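**Student:** Right, I'll just put the structure down here and ask away after.
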Amino acid sequence: MRRPYAVSAAALTAVLTLVPTAQATSAGPSTTTATAATAAADTVATVEKVPYAMDSSNQAAWWTPAATYKGRGQYTYFAFNEPGSTAATHRPAIARRDPDGVWSRLPLLNSDGQQAEFTDDNGHNQPSVARDGSGRLHDFTSMHGDTWRYFRSESAGGSITDHASELPDQGVGITYPVLTTAPNGDLYLTARVGIGAEQRPGKLYRWDNAAAKWSVVATFATAQYRAVYPDDLAVDSAGRVHILYEWSKAPSSAFRHQLSYLRYDPSTGTFADSTGAAATVPATPDTADVVQGLTSGEEWSSDNTGYTGPAVQSAKLTLDGSTPKVAFRYRSADSAGVFRVYYAYPSGAGWARQTVYAGGQTTAALGITWDETDAKRVYYVTASGTDRVFAATEAGGTWTAQSATPGVPADRLAVRRDSDGNDVLYLPDTAHNTLYYARR
């Protein structure tokens, strides 16, 4: 089949050989030391420019804007913001890549048939997407304390239309919708619910694929004078839902604390921590299974600009079977204002940590994948440089990194691992209003 966008300015395909670049150094509190080393050559990445204009507002860290599906080949879905009618607005859409490499554009439509349009709000008004077991696409988008903005197709390949009225918790402000697909075709969603000044809970929702219906599973975390920030979700082969989230001082803050973990078993309706011990929900900062606790000088600050103390800012999750593995950014008292990148995993009654990257400032975007053979990759984005997206791997506690997509000027990142064992990278270049697809 002829590719309608092949070898054009809109969709230039390039096969790039990755160039090793040493990036790992030792730093950070409560970590296993990682020393600098030159990375060995990794796999070859295939990179394509998505053939649709991207709005510069298409940038976040908490989002889950990429999904994959294995049918007669691998399908990829990228939810993104297109330019709006003004510089201050955007229009949500999904770019679908078929197994033969052909792209198609799926706009999110209001009830009047017109493409939806929302106000820009970097870090908040961004999309998350998933495909359920019946082939329906689900897209949550552009909510910062807004009522539900939820779009869904009625069938595989159908138009994606407004279904916000079908969600529980109508009339409540929603922020940070994080979405994933379970092996049985159900979906799970976490979000911060409410805009109260004293507390903002985190809730878990389930899409029953057979019944085609959303329901509330539980308020998984809440506390007085605290706000919950969802980070990521993953579902293991037994159907257990793994939740990663942070806390801030209420009502909100750019600087968060006590990165935390929780596991939900739908077969029993119970929650557990990383050791398998029963957990009571909603969790609080005092009862949560904390991946990264408070360190020297760390305060619960709601200052969005002036706070310079230790803090968490973003995190992502993958699974080794049923064991959670976490990548996160943390600024410690000795890091001179730099958010370093760390890797964490359950160890005994707590969590062990290793330093992945401490060579300079990073952006909030992260990714982590696991290839089921005790090999893992942590993806991160540096705040400057010609190549800014890096993939780090570990051997014997030492992390080494190399440019993930040399020559691609991306400054944000999201990652999904497909069922063929490839890492699919979602790479916004906000300076040039361009979105890239990469597979490695």
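Letters A, B, ... mark the chains of the structure tokens in the order given; residue numbers begin at 1 per chain; ligand numbers begin at 1, in order shown.
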Residues within 9 Å of stretch 61-65 of chain A, please, as an NGL selection string. Count only C-alpha atoms; anything in the same chain fewer than 3 positions from it doesn't count.

**Tutor:** :A and (77-80 or 123-124 or 126-130 or 139 or 176-180 or 229-232 or 313-316 or 363-366 or 412-416 or 426)

**Student:** Keeping only C-alpha atoms, take the residues you just selected and write them out as a PDB file, in the first residue's frame.

**Tutor:**
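File written: selection.pdb
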ATOM      1  CA  TYR A  77      -2.406   5.733  19.151  1.00  0.00           C
ATOM      2  CA  PHE A  78      -1.015   9.166  20.045  1.00  0.00           C
ATOM      3  CA  ALA A  79      -3.411  11.585  21.782  1.00  0.00           C
ATOM      4  CA  PHE A  80      -2.228  15.160  21.317  1.00  0.00           C
ATOM      5  CA  GLY A 123       1.095  20.752  32.467  1.00  0.00           C
ATOM      6  CA  HIS A 124      -2.649  20.324  32.981  1.00  0.00           C
ATOM      7  CA  GLN A 126      -3.181  17.507  28.127  1.00  0.00           C
ATOM      8  CA  PRO A 127      -4.624  14.130  27.020  1.00  0.00           C
ATOM      9  CA  SER A 128      -4.502  10.514  28.149  1.00  0.00           C
ATOM     10  CA  VAL A 129      -5.671   7.680  25.870  1.00  0.00           C
ATOM     11  CA  ALA A 130      -6.382   3.939  26.005  1.00  0.00           C
ATOM     12  CA  ASP A 139      -9.595   9.949  25.616  1.00  0.00           C
ATOM     13  CA  TYR A 176      -4.498  14.566  35.997  1.00  0.00           C
ATOM     14  CA  PRO A 177      -6.410  11.655  34.398  1.00  0.00           C
ATOM     15  CA  VAL A 178      -4.009   8.684  34.077  1.00  0.00           C
ATOM     16  CA  LEU A 179      -5.288   5.728  32.058  1.00  0.00           C
ATOM     17  CA  THR A 180      -4.323   2.124  31.256  1.00  0.00           C
ATOM     18  CA  TYR A 229      -0.994  13.858  42.270  1.00  0.00           C
ATOM     19  CA  PRO A 230      -1.461  10.672  40.174  1.00  0.00           C
ATOM     20  CA  ASP A 231       1.662   9.574  38.289  1.00  0.00           C
ATOM     21  CA  ASP A 232       1.053   6.215  36.614  1.00  0.00           C
ATOM     22  CA  GLN A 313       8.242  16.269  40.718  1.00  0.00           C
ATOM     23  CA  SER A 314       7.349  13.292  38.513  1.00  0.00           C
ATOM     24  CA  ALA A 315       7.466   9.490  38.374  1.00  0.00           C
ATOM     25  CA  LYS A 316       6.626   6.531  36.132  1.00  0.00           C
ATOM     26  CA  THR A 363      12.625  18.180  32.647  1.00  0.00           C
ATOM     27  CA  ALA A 364       9.668  16.503  34.330  1.00  0.00           C
ATOM     28  CA  ALA A 365       9.147  13.942  31.543  1.00  0.00           C
ATOM     29  CA  LEU A 366      10.136  10.322  32.337  1.00  0.00           C
ATOM     30  CA  ARG A 412       9.173  16.031  26.210  1.00  0.00           C
ATOM     31  CA  LEU A 413       8.583  12.289  26.420  1.00  0.00           C
ATOM     32  CA  ALA A 414       6.119   9.473  27.012  1.00  0.00           C
ATOM     33  CA  VAL A 415       6.781   5.736  26.552  1.00  0.00           C
ATOM     34  CA  ARG A 416       4.675   2.612  26.059  1.00  0.00           C
ATOM     35  CA  TYR A 426       5.980   9.721  22.055  1.00  0.00           C
TER      36      TYR A 426
END

**Student:** Using DSSP assignments from the backbone, pull out every residue in stretch 213-361 of chain A that falls under strand (DSSP E or B) and give it to me as a PyMOL selection string.

**Tutor:** chain A and resi 213-221+226-235+241-249+256-265+270-272+278-279+283+289-292+311-320+323-331+340-347+350-357

**Student:** With C-alpha atoms retained, write the just-selected residues as a PDB file, in the first residue's frame.

**Tutor:**
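The result, stored in result09.pdb:
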ATOM      1  CA  LYS A 213     -19.798   1.301  31.980  1.00  0.00           C
ATOM      2  CA  TRP A 214     -17.599   3.364  34.320  1.00  0.00           C
ATOM      3  CA  SER A 215     -17.714   3.034  38.104  1.00  0.00           C
ATOM      4  CA  VAL A 216     -15.766   4.261  41.141  1.00  0.00           C
ATOM      5  CA  VAL A 217     -13.490   1.633  42.668  1.00  0.00           C
ATOM      6  CA  ALA A 218     -12.319   3.690  45.655  1.00  0.00           C
ATOM      7  CA  THR A 219     -10.834   6.902  46.936  1.00  0.00           C
ATOM      8  CA  PHE A 220      -7.326   5.491  47.169  1.00  0.00           C
ATOM      9  CA  ALA A 221      -5.620   8.448  48.898  1.00  0.00           C
ATOM     10  CA  ARG A 226      -2.892  17.490  51.333  1.00  0.00           C
ATOM     11  CA  ALA A 227      -3.475  17.087  47.564  1.00  0.00           C
ATOM     12  CA  VAL A 228      -2.904  13.890  45.572  1.00  0.00           C
ATOM     13  CA  TYR A 229      -0.994  13.858  42.270  1.00  0.00           C
ATOM     14  CA  PRO A 230      -1.461  10.672  40.174  1.00  0.00           C
ATOM     15  CA  ASP A 231       1.662   9.574  38.289  1.00  0.00           C
ATOM     16  CA  ASP A 232       1.053   6.215  36.614  1.00  0.00           C
ATOM     17  CA  LEU A 233      -0.929   2.971  36.454  1.00  0.00           C
ATOM     18  CA  ALA A 234      -0.066  -0.585  35.390  1.00  0.00           C
ATOM     19  CA  VAL A 235      -2.041  -3.847  35.466  1.00  0.00           C
ATOM     20  CA  VAL A 241      -3.761  -2.659  39.477  1.00  0.00           C
ATOM     21  CA  HIS A 242      -0.539  -0.895  40.520  1.00  0.00           C
ATOM     22  CA  ILE A 243      -0.866   2.809  41.388  1.00  0.00           C
ATOM     23  CA  LEU A 244       1.899   5.417  41.682  1.00  0.00           C
ATOM     24  CA  TYR A 245       1.192   8.884  43.088  1.00  0.00           C
ATOM     25  CA  GLU A 246       2.609  11.863  44.992  1.00  0.00           C
ATOM     26  CA  TRP A 247       1.430  14.251  47.718  1.00  0.00           C
ATOM     27  CA  SER A 248       1.596  18.025  47.987  1.00  0.00           C
ATOM     28  CA  LYS A 249       0.513  20.571  50.527  1.00  0.00           C
ATOM     29  CA  ARG A 256       5.527  17.379  45.726  1.00  0.00           C
ATOM     30  CA  HIS A 257       6.630  14.899  48.360  1.00  0.00           C
ATOM     31  CA  GLN A 258       6.432  11.279  49.536  1.00  0.00           C
ATOM     32  CA  LEU A 259       6.156   9.424  46.259  1.00  0.00           C
ATOM     33  CA  SER A 260       3.847   6.511  47.132  1.00  0.00           C
ATOM     34  CA  TYR A 261       2.659   3.134  45.835  1.00  0.00           C
ATOM     35  CA  LEU A 262      -0.513   1.068  46.213  1.00  0.00           C
ATOM     36  CA  ARG A 263      -1.883  -2.133  44.661  1.00  0.00           C
ATOM     37  CA  TYR A 264      -5.533  -3.047  44.076  1.00  0.00           C
ATOM     38  CA  ASP A 265      -6.810  -6.612  43.515  1.00  0.00           C
ATOM     39  CA  THR A 270      -8.667  -5.285  48.550  1.00  0.00           C
ATOM     40  CA  PHE A 271      -5.569  -3.089  48.529  1.00  0.00           C
ATOM     41  CA  ALA A 272      -1.981  -3.960  49.454  1.00  0.00           C
ATOM     42  CA  ALA A 278      -3.015  -5.435  53.424  1.00  0.00           C
ATOM     43  CA  ALA A 279      -3.453  -1.673  53.084  1.00  0.00           C
ATOM     44  CA  ALA A 283      -4.102   6.049  52.279  1.00  0.00           C
ATOM     45  CA  ASP A 289       3.806   2.818  51.152  1.00  0.00           C
ATOM     46  CA  VAL A 290       6.407   5.538  50.503  1.00  0.00           C
ATOM     47  CA  VAL A 291       8.909   5.035  47.688  1.00  0.00           C
ATOM     48  CA  GLN A 292      10.823   8.271  48.401  1.00  0.00           C
ATOM     49  CA  ALA A 311      10.948  17.654  46.434  1.00  0.00           C
ATOM     50  CA  VAL A 312       9.591  15.035  44.035  1.00  0.00           C
ATOM     51  CA  GLN A 313       8.242  16.269  40.718  1.00  0.00           C
ATOM     52  CA  SER A 314       7.349  13.292  38.513  1.00  0.00           C
ATOM     53  CA  ALA A 315       7.466   9.490  38.374  1.00  0.00           C
ATOM     54  CA  LYS A 316       6.626   6.531  36.132  1.00  0.00           C
ATOM     55  CA  LEU A 317       5.951   2.844  36.740  1.00  0.00           C
ATOM     56  CA  THR A 318       6.537  -0.503  35.033  1.00  0.00           C
ATOM     57  CA  LEU A 319       6.199  -4.120  36.160  1.00  0.00           C
ATOM     58  CA  ASP A 320       8.581  -7.048  36.378  1.00  0.00           C
ATOM     59  CA  THR A 323       6.780  -6.402  41.005  1.00  0.00           C
ATOM     60  CA  PRO A 324       6.698  -2.608  40.560  1.00  0.00           C
ATOM     61  CA  LYS A 325       9.744  -0.768  39.238  1.00  0.00           C
ATOM     62  CA  VAL A 326       9.774   3.034  39.429  1.00  0.00           C
ATOM     63  CA  ALA A 327      11.624   5.922  37.799  1.00  0.00           C
ATOM     64  CA  PHE A 328      11.334   9.317  39.479  1.00  0.00           C
ATOM     65  CA  ARG A 329      12.859  12.791  39.666  1.00  0.00           C
ATOM     66  CA  TYR A 330      13.957  14.122  43.041  1.00  0.00           C
ATOM     67  CA  ARG A 331      15.690  17.302  44.163  1.00  0.00           C
ATOM     68  CA  ARG A 340      18.117  14.049  39.470  1.00  0.00           C
ATOM     69  CA  VAL A 341      16.685  10.836  38.042  1.00  0.00           C
ATOM     70  CA  TYR A 342      16.359   7.762  40.266  1.00  0.00           C
ATOM     71  CA  TYR A 343      15.268   4.151  39.953  1.00  0.00           C
ATOM     72  CA  ALA A 344      13.452   2.389  42.832  1.00  0.00           C
ATOM     73  CA  TYR A 345      12.274  -1.151  43.509  1.00  0.00           C
ATOM     74  CA  PRO A 346      10.855  -3.051  46.529  1.00  0.00           C
ATOM     75  CA  SER A 347      13.502  -4.446  48.839  1.00  0.00           C
ATOM     76  CA  GLY A 350      10.899  -0.882  52.009  1.00  0.00           C
ATOM     77  CA  TRP A 351      12.291   0.437  48.749  1.00  0.00           C
ATOM     78  CA  ALA A 352      15.838   0.486  47.415  1.00  0.00           C
ATOM     79  CA  ARG A 353      16.986   3.337  45.186  1.00  0.00           C
ATOM     80  CA  GLN A 354      19.716   3.864  42.609  1.00  0.00           C
ATOM     81  CA  THR A 355      20.899   7.043  40.919  1.00  0.00           C
ATOM     82  CA  VAL A 356      20.259   6.951  37.166  1.00  0.00           C
ATOM     83  CA  TYR A 357      21.374  10.458  36.163  1.00  0.00           C
TER      84      TYR A 357
END

**Student:** Quick one: distance from atom CA of A:Ser332 to atom CA of A:Gly360 in Å, one decimal?

**Tutor:**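 Those two atoms sit 13.2 Å apart.
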
**Student:** Work out how far apart atom CA of A:Glu394 and atom CA of A:Asp371 are and give it in Å to one decimal.

**Tutor:** 12.8 Å

**Student:** With distances taken over only C-alpha atoms, which of A:Gly239, A:Pro99, A:Pro168, A:Gly396 is nearest to A:Pro183?

**Tutor:**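 So, comparing all the options, the nearest one is A:Gly239.
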
**Student:** Per residue of stretch 160-220 of chain A within 12 Å of stretch 142-148 of chain A, note the shortest atom pair and the distance in Å to one decimal, counting only C-alpha atoms, and order the rows by chain and increasing residue number, as a tab-separated table.

**Tutor:**
residue	atom	partner	partner_atom	distance
A:Asp162	CA	A:Trp148	CA	9.9
A:His163	CA	A:Trp148	CA	9.0
A:Ala164	CA	A:Trp148	CA	5.5
A:Ser165	CA	A:Trp148	CA	7.8
A:Glu166	CA	A:Trp148	CA	9.4
A:Leu167	CA	A:Trp148	CA	7.4
A:Pro168	CA	A:Trp148	CA	9.3
A:Asp169	CA	A:Trp148	CA	8.7
A:Gln170	CA	A:Thr147	CA	6.9
A:Gly171	CA	A:Thr147	CA	5.5
A:Val172	CA	A:Thr147	CA	5.5
A:Gly173	CA	A:Gly145	CA	4.0
A:Ile174	CA	A:Gly145	CA	4.8
A:Thr175	CA	A:His144	CA	4.8
A:Tyr176	CA	A:Met143	CA	7.3
A:Pro177	CA	A:Met143	CA	8.2
A:Val178	CA	A:Met143	CA	11.8
A:Ala191	CA	A:Met143	CA	10.2
A:Arg192	CA	A:Gly145	CA	8.7
A:Val193	CA	A:Gly145	CA	7.9
A:Gly194	CA	A:Gly145	CA	6.8
A:Ile195	CA	A:Gly145	CA	6.0
A:Gly196	CA	A:Gly145	CA	9.8
A:Ala197	CA	A:Gly145	CA	11.9
A:Arg200	CA	A:Gly145	CA	10.3

**Student:** Take the residues from that selection and put them in a file with N, CA and C atoms, as an mmCIF file, in the first residue's frame.

**Tutor:**
data_model
loop_
_atom_site.group_PDB
_atom_site.id
_atom_site.type_symbol
_atom_site.label_atom_id
_atom_site.label_comp_id
_atom_site.auth_asym_id
_atom_site.auth_seq_id
_atom_site.Cartn_x
_atom_site.Cartn_y
_atom_site.Cartn_z
ATOM 1 N N ASP A 162 -18.177 12.997 22.439
ATOM 2 C CA ASP A 162 -18.318 13.382 23.845
ATOM 3 C C ASP A 162 -19.198 12.385 24.601
ATOM 4 N N HIS A 163 -18.646 11.795 25.670
ATOM 5 C CA HIS A 163 -19.393 10.885 26.545
ATOM 6 C C HIS A 163 -19.210 11.284 28.008
ATOM 7 N N ALA A 164 -18.943 12.559 28.254
ATOM 8 C CA ALA A 164 -18.629 13.008 29.612
ATOM 9 C C ALA A 164 -19.762 12.751 30.596
ATOM 10 N N SER A 165 -20.986 12.744 30.125
ATOM 11 C CA SER A 165 -22.135 12.579 31.027
ATOM 12 C C SER A 165 -22.229 11.176 31.607
ATOM 13 N N GLU A 166 -21.439 10.230 31.094
ATOM 14 C CA GLU A 166 -21.521 8.848 31.555
ATOM 15 C C GLU A 166 -20.612 8.554 32.747
ATOM 16 N N LEU A 167 -19.763 9.498 33.110
ATOM 17 C CA LEU A 167 -18.825 9.274 34.217
ATOM 18 C C LEU A 167 -19.488 9.478 35.575
ATOM 19 N N PRO A 168 -19.024 8.758 36.605
ATOM 20 C CA PRO A 168 -19.432 9.098 37.982
ATOM 21 C C PRO A 168 -18.879 10.471 38.361
ATOM 22 N N ASP A 169 -19.259 10.958 39.521
ATOM 23 C CA ASP A 169 -18.734 12.220 40.067
ATOM 24 C C ASP A 169 -18.966 13.390 39.125
ATOM 25 N N GLN A 170 -20.215 13.511 38.669
ATOM 26 C CA GLN A 170 -20.583 14.623 37.799
ATOM 27 C C GLN A 170 -20.519 15.943 38.569
ATOM 28 N N GLY A 171 -20.083 16.991 37.877
ATOM 29 C CA GLY A 171 -20.057 18.324 38.469
ATOM 30 C C GLY A 171 -18.875 18.596 39.356
ATOM 31 N N VAL A 172 -17.917 17.668 39.417
ATOM 32 C CA VAL A 172 -16.749 17.798 40.287
ATOM 33 C C VAL A 172 -15.528 18.120 39.437
ATOM 34 N N GLY A 173 -14.625 18.958 39.946
ATOM 35 C CA GLY A 173 -13.414 19.312 39.209
ATOM 36 C C GLY A 173 -12.435 18.161 39.136
ATOM 37 N N ILE A 174 -11.954 17.847 37.938
ATOM 38 C CA ILE A 174 -11.059 16.714 37.707
ATOM 39 C C ILE A 174 -9.726 17.225 37.153
ATOM 40 N N THR A 175 -8.620 16.606 37.616
ATOM 41 C CA THR A 175 -7.285 16.963 37.139
ATOM 42 C C THR A 175 -6.429 15.699 37.079
ATOM 43 N N TYR A 176 -5.490 15.635 36.129
ATOM 44 C CA TYR A 176 -4.498 14.566 35.997
ATOM 45 C C TYR A 176 -5.109 13.180 35.777
ATOM 46 N N PRO A 177 -5.887 12.996 34.706
ATOM 47 C CA PRO A 177 -6.410 11.655 34.398
ATOM 48 C C PRO A 177 -5.327 10.751 33.816
ATOM 49 N N VAL A 178 -5.016 9.654 34.499
ATOM 50 C CA VAL A 178 -4.009 8.684 34.077
ATOM 51 C C VAL A 178 -4.725 7.381 33.772
ATOM 52 N N ALA A 191 -7.364 9.793 38.963
ATOM 53 C CA ALA A 191 -7.442 11.237 38.770
ATOM 54 C C ALA A 191 -7.512 11.904 40.127
ATOM 55 N N ARG A 192 -7.077 13.156 40.158
ATOM 56 C CA ARG A 192 -7.315 13.978 41.346
ATOM 57 C C ARG A 192 -8.711 14.563 41.216
ATOM 58 N N VAL A 193 -9.497 14.414 42.263
ATOM 59 C CA VAL A 193 -10.917 14.755 42.197
ATOM 60 C C VAL A 193 -11.226 15.841 43.213
ATOM 61 N N GLY A 194 -11.792 16.945 42.729
ATOM 62 C CA GLY A 194 -12.172 18.033 43.616
ATOM 63 C C GLY A 194 -11.192 19.185 43.557
ATOM 64 N N ILE A 195 -11.674 20.346 43.959
ATOM 65 C CA ILE A 195 -10.844 21.557 43.954
ATOM 66 C C ILE A 195 -10.900 22.241 45.318
ATOM 67 N N GLY A 196 -11.111 21.460 46.372
ATOM 68 C CA GLY A 196 -11.170 22.007 47.716
ATOM 69 C C GLY A 196 -9.846 22.615 48.145
ATOM 70 N N ALA A 197 -9.896 23.611 48.975
ATOM 71 C CA ALA A 197 -8.685 24.290 49.435
ATOM 72 C C ALA A 197 -7.934 23.477 50.478
ATOM 73 N N ARG A 200 -7.502 17.399 48.383
ATOM 74 C CA ARG A 200 -7.885 17.009 47.031
ATOM 75 C C ARG A 200 -7.540 15.532 46.855
#

**Student:** Which polymer residues have any atom within 7 Å of an atom of A:Asn110, counting only C-alpha atoms, with same-chain residues fewer than 4 positions away left out, as a list in words?

**Tutor:** Gln114, Gln115, Ala116, Thr161 and Asp162 of chain A

**Student:** Counting only C-alpha atoms, which residue out of A:Arg440, A:His90, A:Lys203, A:Ala212 sits closest to A:Asp418?

**Tutor:**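 Closest to A:Asp418, using only C-alpha atoms: A:Arg440.
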
**Student:** One number please: atom CA of A:Asn122 to atom CA of A:Pro428, in Å, one decimal.

**Tutor:**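 Computed distance, atom CA of A:Asn122 to atom CA of A:Pro428, equals 13.0 Å.
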
**Student:** If we count only C-alpha atoms, what is near A:Gly135 at a cut-off of 10 Å, once residues fewer than 4 positions away on the same chain are taken out, given as an MDAnalysis selection string?

**Tutor:** chainID A and resid 69 130:131 153:158 185 209

**Student:** Could those residues be written to a file, using N, CA and C atoms, as a JSON list (two decimals), in the first residue's frame?

**Tutor:**
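As written to disk, selection.json reads:
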[["chain", "number", "residue", "atom", "x", "y", "z"],
["A", 69, "TYR", "N", -1.74, -1.46, 20.40],
["A", 69, "TYR", "CA", -2.64, -2.62, 20.31],
["A", 69, "TYR", "C", -2.10, -3.57, 19.25],
["A", 130, "ALA", "N", -6.50, 5.39, 25.90],
["A", 130, "ALA", "CA", -6.38, 3.94, 26.01],
["A", 130, "ALA", "C", -7.39, 3.30, 25.06],
["A", 131, "ARG", "N", -7.12, 2.07, 24.67],
["A", 131, "ARG", "CA", -8.01, 1.28, 23.82],
["A", 131, "ARG", "C", -8.53, 0.12, 24.65],
["A", 153, "SER", "N", -15.01, 6.39, 21.27],
["A", 153, "SER", "CA", -15.64, 5.83, 20.08],
["A", 153, "SER", "C", -16.60, 4.73, 20.51],
["A", 154, "GLU", "N", -17.63, 4.49, 19.72],
["A", 154, "GLU", "CA", -18.62, 3.45, 20.04],
["A", 154, "GLU", "C", -18.21, 2.09, 19.50],
["A", 155, "SER", "N", -17.23, 2.08, 18.60],
["A", 155, "SER", "CA", -16.75, 0.83, 18.02],
["A", 155, "SER", "C", -15.34, 1.06, 17.50],
["A", 156, "ALA", "N", -14.66, -0.01, 17.17],
["A", 156, "ALA", "CA", -13.32, 0.11, 16.60],
["A", 156, "ALA", "C", -13.41, 0.88, 15.29],
["A", 157, "GLY", "N", -12.63, 1.95, 15.19],
["A", 157, "GLY", "CA", -12.63, 2.75, 13.98],
["A", 157, "GLY", "C", -13.71, 3.80, 13.90],
["A", 158, "GLY", "N", -14.59, 3.89, 14.91],
["A", 158, "GLY", "CA", -15.68, 4.85, 14.90],
["A", 158, "GLY", "C", -15.23, 6.24, 15.30],
["A", 185, "GLY", "N", -9.23, -6.38, 28.95],
["A", 185, "GLY", "CA", -9.90, -5.38, 28.14],
["A", 185, "GLY", "C", -10.58, -4.28, 28.91],
["A", 209, "ASN", "N", -15.50, -3.41, 30.50],
["A", 209, "ASN", "CA", -15.60, -3.48, 29.05],
["A", 209, "ASN", "C", -16.84, -4.24, 28.58]]

**Student:** Please provide as a list in words all residues within 10 Å of A:Gly71, with the sequence filter that same-chain residues fewer than 3 positions apart are discarded (counting only C-alpha atoms).

**Tutor:**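 What passes the distance filter is Thr68, Gln74, Tyr75, Asp98 and Pro99 of chain A.
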
**Student:** Which of these, A:Ser253, A:Gln59, A:Ser322, A:Gln402, has the shortest distance to A:Ala238 once you count only C-alpha atoms?

**Tutor:** A:Ser322
